[in-house]
>>> print(open('data32.tsv').read())   # TSV, N, CA and C atoms
chain	number	residue	atom	x	y	z
A	1	MET	N	-105.59	13.93	-85.68
A	1	MET	CA	-106.19	15.22	-85.93
A	1	MET	C	-105.37	15.92	-86.99
A	2	TRP	N	-106.06	16.51	-87.95
A	2	TRP	CA	-105.42	17.28	-89.01
A	2	TRP	C	-105.67	18.76	-88.79
A	3	ILE	N	-104.64	19.57	-88.92
A	3	ILE	CA	-104.72	21.02	-88.72
A	3	ILE	C	-104.51	21.71	-90.06
A	4	LEU	N	-105.40	22.63	-90.39
A	4	LEU	CA	-105.27	23.43	-91.61
A	4	LEU	C	-104.57	24.74	-91.25
A	5	LEU	N	-103.43	24.99	-91.88
A	5	LEU	CA	-102.65	26.21	-91.64
A	5	LEU	C	-102.68	27.12	-92.85
A	6	MET	N	-102.68	28.43	-92.59
A	6	MET	CA	-102.45	29.41	-93.63
A	6	MET	C	-101.14	30.12	-93.27
A	7	ILE	N	-100.17	30.04	-94.16
A	7	ILE	CA	-98.87	30.67	-93.94
A	7	ILE	C	-98.81	31.89	-94.84
A	8	VAL	N	-98.58	33.05	-94.24
A	8	VAL	CA	-98.49	34.31	-94.99
A	8	VAL	C	-97.03	34.75	-94.97
A	9	PHE	N	-96.51	34.96	-96.17
A	9	PHE	CA	-95.11	35.34	-96.34
A	9	PHE	C	-94.97	36.85	-96.46
A	10	SER	N	-93.89	37.39	-95.87
A	10	SER	CA	-93.62	38.83	-95.99
A	10	SER	C	-92.60	39.09	-97.10
A	11	GLN	N	-91.74	38.14	-97.34
A	11	GLN	CA	-90.76	38.19	-98.42
A	11	GLN	C	-90.65	36.77	-98.96
A	12	PRO	N	-89.93	36.56	-100.03
A	12	PRO	CA	-89.91	35.21	-100.63
A	12	PRO	C	-89.62	34.09	-99.64
A	13	TYR	N	-88.73	34.29	-98.69
A	13	TYR	CA	-88.38	33.20	-97.78
A	13	TYR	C	-88.56	33.56	-96.31
A	14	GLN	N	-89.39	34.57	-96.04
A	14	GLN	CA	-89.67	34.95	-94.66
A	14	GLN	C	-91.16	34.84	-94.39
A	15	ILE	N	-91.51	34.29	-93.23
A	15	ILE	CA	-92.90	34.13	-92.85
A	15	ILE	C	-93.34	35.33	-92.02
A	16	SER	N	-94.44	35.93	-92.42
A	16	SER	CA	-95.03	37.04	-91.68
A	16	SER	C	-95.79	36.49	-90.47
A	17	HIS	N	-96.69	35.53	-90.73
A	17	HIS	CA	-97.42	34.89	-89.64
A	17	HIS	C	-98.08	33.60	-90.14
A	18	ILE	N	-98.50	32.78	-89.18
A	18	ILE	CA	-99.18	31.53	-89.47
A	18	ILE	C	-100.49	31.52	-88.71
A	19	ASP	N	-101.58	31.22	-89.40
A	19	ASP	CA	-102.90	31.14	-88.78
A	19	ASP	C	-103.39	29.71	-88.83
A	20	VAL	N	-103.95	29.23	-87.72
A	20	VAL	CA	-104.62	27.94	-87.69
A	20	VAL	C	-106.05	28.19	-88.15
A	21	MET	N	-106.42	27.58	-89.27
A	21	MET	CA	-107.74	27.81	-89.85
A	21	MET	C	-108.78	26.81	-89.38
A	22	GLY	N	-108.34	25.65	-88.88
A	22	GLY	CA	-109.30	24.66	-88.40
A	22	GLY	C	-108.64	23.35	-88.04
A	23	ALA	N	-109.41	22.50	-87.36
A	23	ALA	CA	-108.96	21.16	-86.98
A	23	ALA	C	-109.96	20.17	-87.56
A	24	TYR	N	-109.47	19.08	-88.14
A	24	TYR	CA	-110.32	18.13	-88.86
A	24	TYR	C	-109.97	16.70	-88.46
A	25	GLY	N	-110.95	15.82	-88.55
A	25	GLY	CA	-110.76	14.44	-88.17
A	25	GLY	C	-110.11	13.58	-89.22
A	26	SER	N	-110.10	14.05	-90.48
A	26	SER	CA	-109.51	13.25	-91.56
A	26	SER	C	-108.76	14.16	-92.53
A	27	LYS	N	-107.82	13.56	-93.24
A	27	LYS	CA	-107.05	14.30	-94.24
A	27	LYS	C	-107.97	14.77	-95.37
A	28	GLU	N	-108.94	13.94	-95.73
A	28	GLU	CA	-109.85	14.29	-96.82
A	28	GLU	C	-110.65	15.54	-96.51
A	29	SER	N	-111.19	15.64	-95.29
A	29	SER	CA	-111.98	16.82	-94.94
A	29	SER	C	-111.10	18.06	-94.86
A	30	CYS	N	-109.87	17.91	-94.40
A	30	CYS	CA	-108.95	19.05	-94.36
A	30	CYS	C	-108.60	19.51	-95.77
A	31	THR	N	-108.36	18.55	-96.66
A	31	THR	CA	-108.01	18.88	-98.05
A	31	THR	C	-109.17	19.59	-98.75
A	32	LYS	N	-110.40	19.19	-98.46
A	32	LYS	CA	-111.57	19.87	-99.04
A	32	LYS	C	-111.60	21.33	-98.60
A	33	GLU	N	-111.25	21.57	-97.34
A	33	GLU	CA	-111.24	22.95	-96.83
A	33	GLU	C	-110.12	23.77	-97.46
A	34	VAL	N	-109.00	23.13	-97.80
A	34	VAL	CA	-107.93	23.84	-98.52
A	34	VAL	C	-108.48	24.32	-99.86
A	35	GLN	N	-109.18	23.45	-100.57
A	35	GLN	CA	-109.73	23.82	-101.88
A	35	GLN	C	-110.74	24.97	-101.73
A	36	ARG	N	-111.55	24.91	-100.68
A	36	ARG	CA	-112.53	25.98	-100.44
A	36	ARG	C	-111.82	27.28	-100.10
A	37	ALA	N	-110.78	27.21	-99.29
A	37	ALA	CA	-110.03	28.41	-98.90
A	37	ALA	C	-109.37	29.05	-100.11
A	38	LEU	N	-108.87	28.23	-101.03
A	38	LEU	CA	-108.22	28.77	-102.22
A	38	LEU	C	-109.19	29.49	-103.14
A	39	SER	N	-110.47	29.16	-103.03
A	39	SER	CA	-111.47	29.82	-103.87
A	39	SER	C	-111.90	31.17	-103.31
A	40	LEU	N	-111.50	31.48	-102.08
A	40	LEU	CA	-111.85	32.74	-101.44
A	40	LEU	C	-110.81	33.81	-101.76
A	41	ASP	N	-111.08	35.03	-101.37
A	41	ASP	CA	-110.14	36.13	-101.55
A	41	ASP	C	-109.08	36.03	-100.46
A	42	ILE	N	-107.89	35.55	-100.83
A	42	ILE	CA	-106.81	35.34	-99.87
A	42	ILE	C	-105.64	36.25	-100.19
A	43	PRO	N	-104.77	36.50	-99.21
A	43	PRO	CA	-103.57	37.29	-99.50
A	43	PRO	C	-102.73	36.62	-100.60
A	44	VAL	N	-102.12	37.44	-101.44
A	44	VAL	CA	-101.35	36.93	-102.57
A	44	VAL	C	-100.20	36.04	-102.11
A	45	LYS	N	-99.55	36.43	-101.04
A	45	LYS	CA	-98.38	35.70	-100.56
A	45	LYS	C	-98.76	34.72	-99.46
A	46	ALA	N	-99.79	33.91	-99.70
A	46	ALA	CA	-100.24	32.95	-98.70
A	46	ALA	C	-100.22	31.54	-99.26
A	47	SER	N	-100.01	30.59	-98.38
A	47	SER	CA	-100.01	29.18	-98.74
A	47	SER	C	-100.82	28.43	-97.69
A	48	PHE	N	-101.54	27.39	-98.12
A	48	PHE	CA	-102.35	26.58	-97.22
A	48	PHE	C	-101.81	25.16	-97.18
A	49	GLY	N	-101.97	24.52	-96.05
A	49	GLY	CA	-101.56	23.13	-95.96
A	49	GLY	C	-102.16	22.45	-94.75
A	50	CYS	N	-102.30	21.12	-94.87
A	50	CYS	CA	-102.80	20.30	-93.78
A	50	CYS	C	-101.63	19.54	-93.17
A	51	ILE	N	-101.57	19.53	-91.84
A	51	ILE	CA	-100.53	18.75	-91.17
A	51	ILE	C	-101.21	17.81	-90.18
A	52	LEU	N	-100.62	16.63	-90.04
A	52	LEU	CA	-101.13	15.64	-89.11
A	52	LEU	C	-100.48	15.87	-87.75
A	53	VAL	N	-101.31	15.95	-86.73
A	53	VAL	CA	-100.83	16.12	-85.37
A	53	VAL	C	-101.20	14.84	-84.60
A	54	LYS	N	-100.19	14.17	-84.07
A	54	LYS	CA	-100.42	12.93	-83.33
A	54	LYS	C	-100.03	13.10	-81.87
A	55	GLY	N	-100.63	12.29	-81.02
A	55	GLY	CA	-100.21	12.21	-79.64
A	55	GLY	C	-100.66	13.33	-78.73
A	56	LEU	N	-101.59	14.16	-79.18
A	56	LEU	CA	-102.10	15.22	-78.31
A	56	LEU	C	-103.29	14.71	-77.53
A	57	PRO	N	-103.38	15.04	-76.26
A	57	PRO	CA	-104.60	14.70	-75.54
A	57	PRO	C	-105.74	15.57	-76.07
A	58	LYS	N	-106.95	15.19	-75.77
A	58	LYS	CA	-108.09	15.99	-76.22
A	58	LYS	C	-107.95	17.41	-75.68
A	59	LEU	N	-108.06	18.38	-76.56
A	59	LEU	CA	-107.87	19.77	-76.19
A	59	LEU	C	-109.20	20.43	-75.84
A	60	ARG	N	-109.24	21.15	-74.76
A	60	ARG	CA	-110.45	21.86	-74.38
A	60	ARG	C	-110.66	23.04	-75.31
A	61	GLY	N	-111.90	23.22	-75.72
A	61	GLY	CA	-112.25	24.36	-76.55
A	61	GLY	C	-111.93	24.19	-78.02
A	62	VAL	N	-111.43	23.03	-78.43
A	62	VAL	CA	-111.11	22.79	-79.83
A	62	VAL	C	-112.17	21.86	-80.40
A	63	THR	N	-112.83	22.32	-81.45
A	63	THR	CA	-113.82	21.51	-82.14
A	63	THR	C	-113.18	20.89	-83.36
A	64	ILE	N	-113.21	19.57	-83.44
A	64	ILE	CA	-112.65	18.88	-84.59
A	64	ILE	C	-113.80	18.62	-85.56
A	65	ARG	N	-113.67	19.16	-86.76
A	65	ARG	CA	-114.70	18.99	-87.77
A	65	ARG	C	-114.47	17.69	-88.52
A	66	SER	N	-115.55	17.06	-88.92
A	66	SER	CA	-115.41	15.79	-89.65
A	66	SER	C	-115.37	16.02	-91.14
>>> encode(input="data32.tsv", output="structure tokens")
Amino acid sequence: MWILLMIVFSQPYQISHIDVMGAYGSKESCTKEVQRALSLDIPVKASFGCILVKGLPKLRGVTIRS
């Protein structure tokens, strides 16, 4: 499972907060969503990234997009 994160910085090296933007079944689909997110109006001090999460049991209430 790939998780798309948005990291919002409060200062150059301090994180204000991290939002989970979605869960995806493949790196390619997560990367496409990063590109789409970057085309939207986002906070100036924000960064997006996909991380691979392994070994988690199926989570209730989490929809994994393909």
>>> closest_residue(input="data32.tsv", among="A:Cys30, A:Ala37, A:Ile51, A:Val20", to="A:Ile7", atoms="only N, CA and C atoms")
A:Val20
>>> closest_residue(input="data32.tsv", among="A:Ile42, A:Leu52, A:Met1, A:Val8", to="A:Ala23", atoms="only N, CA and C atoms")
A:Met1
>>> atom_distance(input="data32.tsv", atom1="atom CA of A:Leu38", atom2="atom CA of A:Ile18")
15.9 Å
>>> atom_distance(input="data32.tsv", atom1="atom CA of A:Val34", atom2="atom CA of A:Asp19")
13.2 Å
>>> atom_distance(input="data32.tsv", atom1="atom CA of A:Ile3", atom2="atom N of A:Ala46")
17.6 Å
>>> select_by_dssp(input="data32.tsv", residues="chain A", states="alpha helix (DSSP H)", output="PyMOL selection string")
chain A and resi 27-38
>>> write_last_selection(input="data32.tsv", atoms="N, CA and C atoms", output="PDB file, in the frame of the given file")
ATOM      1  N   LYS A  27    -107.820  13.560 -93.240  1.00  0.00           N
ATOM      2  CA  LYS A  27    -107.050  14.300 -94.240  1.00  0.00           C
ATOM      3  C   LYS A  27    -107.970  14.770 -95.370  1.00  0.00           C
ATOM      4  N   GLU A  28    -108.940  13.940 -95.730  1.00  0.00           N
ATOM      5  CA  GLU A  28    -109.850  14.290 -96.820  1.00  0.00           C
ATOM      6  C   GLU A  28    -110.650  15.540 -96.510  1.00  0.00           C
ATOM      7  N   SER A  29    -111.190  15.640 -95.290  1.00  0.00           N
ATOM      8  CA  SER A  29    -111.980  16.820 -94.940  1.00  0.00           C
ATOM      9  C   SER A  29    -111.100  18.060 -94.860  1.00  0.00           C
ATOM     10  N   CYS A  30    -109.870  17.910 -94.400  1.00  0.00           N
ATOM     11  CA  CYS A  30    -108.950  19.050 -94.360  1.00  0.00           C
ATOM     12  C   CYS A  30    -108.600  19.510 -95.770  1.00  0.00           C
ATOM     13  N   THR A  31    -108.360  18.550 -96.660  1.00  0.00           N
ATOM     14  CA  THR A  31    -108.010  18.880 -98.050  1.00  0.00           C
ATOM     15  C   THR A  31    -109.170  19.590 -98.750  1.00  0.00           C
ATOM     16  N   LYS A  32    -110.400  19.190 -98.460  1.00  0.00           N
ATOM     17  CA  LYS A  32    -111.570  19.870 -99.040  1.00  0.00           C
ATOM     18  C   LYS A  32    -111.600  21.330 -98.600  1.00  0.00           C
ATOM     19  N   GLU A  33    -111.250  21.570 -97.340  1.00  0.00           N
ATOM     20  CA  GLU A  33    -111.240  22.950 -96.830  1.00  0.00           C
ATOM     21  C   GLU A  33    -110.120  23.770 -97.460  1.00  0.00           C
ATOM     22  N   VAL A  34    -109.000  23.130 -97.800  1.00  0.00           N
ATOM     23  CA  VAL A  34    -107.930  23.840 -98.520  1.00  0.00           C
ATOM     24  C   VAL A  34    -108.480  24.320 -99.860  1.00  0.00           C
ATOM     25  N   GLN A  35    -109.180  23.450-100.570  1.00  0.00           N
ATOM     26  CA  GLN A  35    -109.730  23.820-101.880  1.00  0.00           C
ATOM     27  C   GLN A  35    -110.740  24.970-101.730  1.00  0.00           C
ATOM     28  N   ARG A  36    -111.550  24.910-100.680  1.00  0.00           N
ATOM     29  CA  ARG A  36    -112.530  25.980-100.440  1.00  0.00           C
ATOM     30  C   ARG A  36    -111.820  27.280-100.100  1.00  0.00           C
ATOM     31  N   ALA A  37    -110.780  27.210 -99.290  1.00  0.00           N
ATOM     32  CA  ALA A  37    -110.030  28.410 -98.900  1.00  0.00           C
ATOM     33  C   ALA A  37    -109.370  29.050-100.110  1.00  0.00           C
ATOM     34  N   LEU A  38    -108.870  28.230-101.030  1.00  0.00           N
ATOM     35  CA  LEU A  38    -108.220  28.770-102.220  1.00  0.00           C
ATOM     36  C   LEU A  38    -109.190  29.490-103.140  1.00  0.00           C
TER      37      LEU A  38
END
>>> build_atoms(input="data32.tsv", residues="stretch 37-48 of chain A", atoms="all heavy atoms", output="tab-separated table (two decimals), keeping the file's coordinate frame")
chain	number	residue	atom	x	y	z
A	37	ALA	N	-110.78	27.21	-99.29
A	37	ALA	CA	-110.03	28.41	-98.90
A	37	ALA	C	-109.37	29.05	-100.11
A	37	ALA	O	-109.33	30.28	-100.22
A	37	ALA	CB	-108.99	28.06	-97.84
A	38	LEU	N	-108.87	28.23	-101.03
A	38	LEU	CA	-108.22	28.77	-102.22
A	38	LEU	C	-109.19	29.49	-103.14
A	38	LEU	O	-108.79	30.34	-103.92
A	38	LEU	CB	-107.49	27.66	-102.98
A	38	LEU	CG	-106.26	27.08	-102.28
A	38	LEU	CD1	-105.75	25.86	-103.02
A	38	LEU	CD2	-105.17	28.13	-102.15
A	39	SER	N	-110.47	29.16	-103.03
A	39	SER	CA	-111.47	29.82	-103.87
A	39	SER	C	-111.90	31.17	-103.31
A	39	SER	O	-112.59	31.93	-103.98
A	39	SER	CB	-112.69	28.91	-104.04
A	39	SER	OG	-113.41	28.82	-102.83
A	40	LEU	N	-111.50	31.48	-102.08
A	40	LEU	CA	-111.85	32.74	-101.44
A	40	LEU	C	-110.81	33.81	-101.76
A	40	LEU	O	-109.76	33.52	-102.33
A	40	LEU	CB	-111.95	32.55	-99.92
A	40	LEU	CG	-112.95	31.52	-99.44
A	40	LEU	CD1	-112.82	31.33	-97.95
A	40	LEU	CD2	-114.36	31.91	-99.82
A	41	ASP	N	-111.08	35.03	-101.37
A	41	ASP	CA	-110.14	36.13	-101.55
A	41	ASP	C	-109.08	36.03	-100.46
A	41	ASP	O	-109.33	36.37	-99.31
A	41	ASP	CB	-110.88	37.46	-101.48
A	41	ASP	CG	-109.98	38.63	-101.81
A	41	ASP	OD1	-109.01	38.45	-102.57
A	41	ASP	OD2	-110.26	39.74	-101.32
A	42	ILE	N	-107.89	35.55	-100.83
A	42	ILE	CA	-106.81	35.34	-99.87
A	42	ILE	C	-105.64	36.25	-100.19
A	42	ILE	O	-105.51	36.73	-101.32
A	42	ILE	CB	-106.34	33.86	-99.86
A	42	ILE	CG1	-105.85	33.46	-101.25
A	42	ILE	CG2	-107.43	32.94	-99.38
A	42	ILE	CD1	-105.15	32.14	-101.30
A	43	PRO	N	-104.77	36.50	-99.21
A	43	PRO	CA	-103.57	37.29	-99.50
A	43	PRO	C	-102.73	36.62	-100.60
A	43	PRO	O	-102.67	35.40	-100.69
A	43	PRO	CB	-102.80	37.28	-98.18
A	43	PRO	CG	-103.82	36.96	-97.14
A	43	PRO	CD	-104.84	36.11	-97.81
A	44	VAL	N	-102.12	37.44	-101.44
A	44	VAL	CA	-101.35	36.93	-102.57
A	44	VAL	C	-100.20	36.04	-102.11
A	44	VAL	O	-99.92	35.01	-102.69
A	44	VAL	CB	-100.82	38.10	-103.42
A	44	VAL	CG1	-99.92	37.60	-104.54
A	44	VAL	CG2	-101.97	38.91	-103.97
A	45	LYS	N	-99.55	36.43	-101.04
A	45	LYS	CA	-98.38	35.70	-100.56
A	45	LYS	C	-98.76	34.72	-99.46
A	45	LYS	O	-98.15	34.68	-98.40
A	45	LYS	CB	-97.32	36.67	-100.05
A	45	LYS	CG	-96.80	37.61	-101.11
A	45	LYS	CD	-95.81	38.57	-100.50
A	45	LYS	CE	-95.30	39.55	-101.52
A	45	LYS	NZ	-94.38	40.51	-100.93
A	46	ALA	N	-99.79	33.91	-99.70
A	46	ALA	CA	-100.24	32.95	-98.70
A	46	ALA	C	-100.22	31.54	-99.26
A	46	ALA	O	-100.40	31.33	-100.46
A	46	ALA	CB	-101.65	33.29	-98.22
A	47	SER	N	-100.01	30.59	-98.38
A	47	SER	CA	-100.01	29.18	-98.74
A	47	SER	C	-100.82	28.43	-97.69
A	47	SER	O	-100.79	28.78	-96.51
A	47	SER	CB	-98.58	28.66	-98.80
A	47	SER	OG	-98.54	27.32	-99.17
A	48	PHE	N	-101.54	27.39	-98.12
A	48	PHE	CA	-102.35	26.58	-97.22
A	48	PHE	C	-101.81	25.16	-97.18
A	48	PHE	O	-101.29	24.67	-98.18
A	48	PHE	CB	-103.81	26.53	-97.69
A	48	PHE	CG	-104.52	27.84	-97.55
A	48	PHE	CD1	-104.49	28.77	-98.57
A	48	PHE	CD2	-105.23	28.13	-96.41
A	48	PHE	CE1	-105.15	29.97	-98.45
A	48	PHE	CE2	-105.89	29.34	-96.28
A	48	PHE	CZ	-105.85	30.26	-97.30
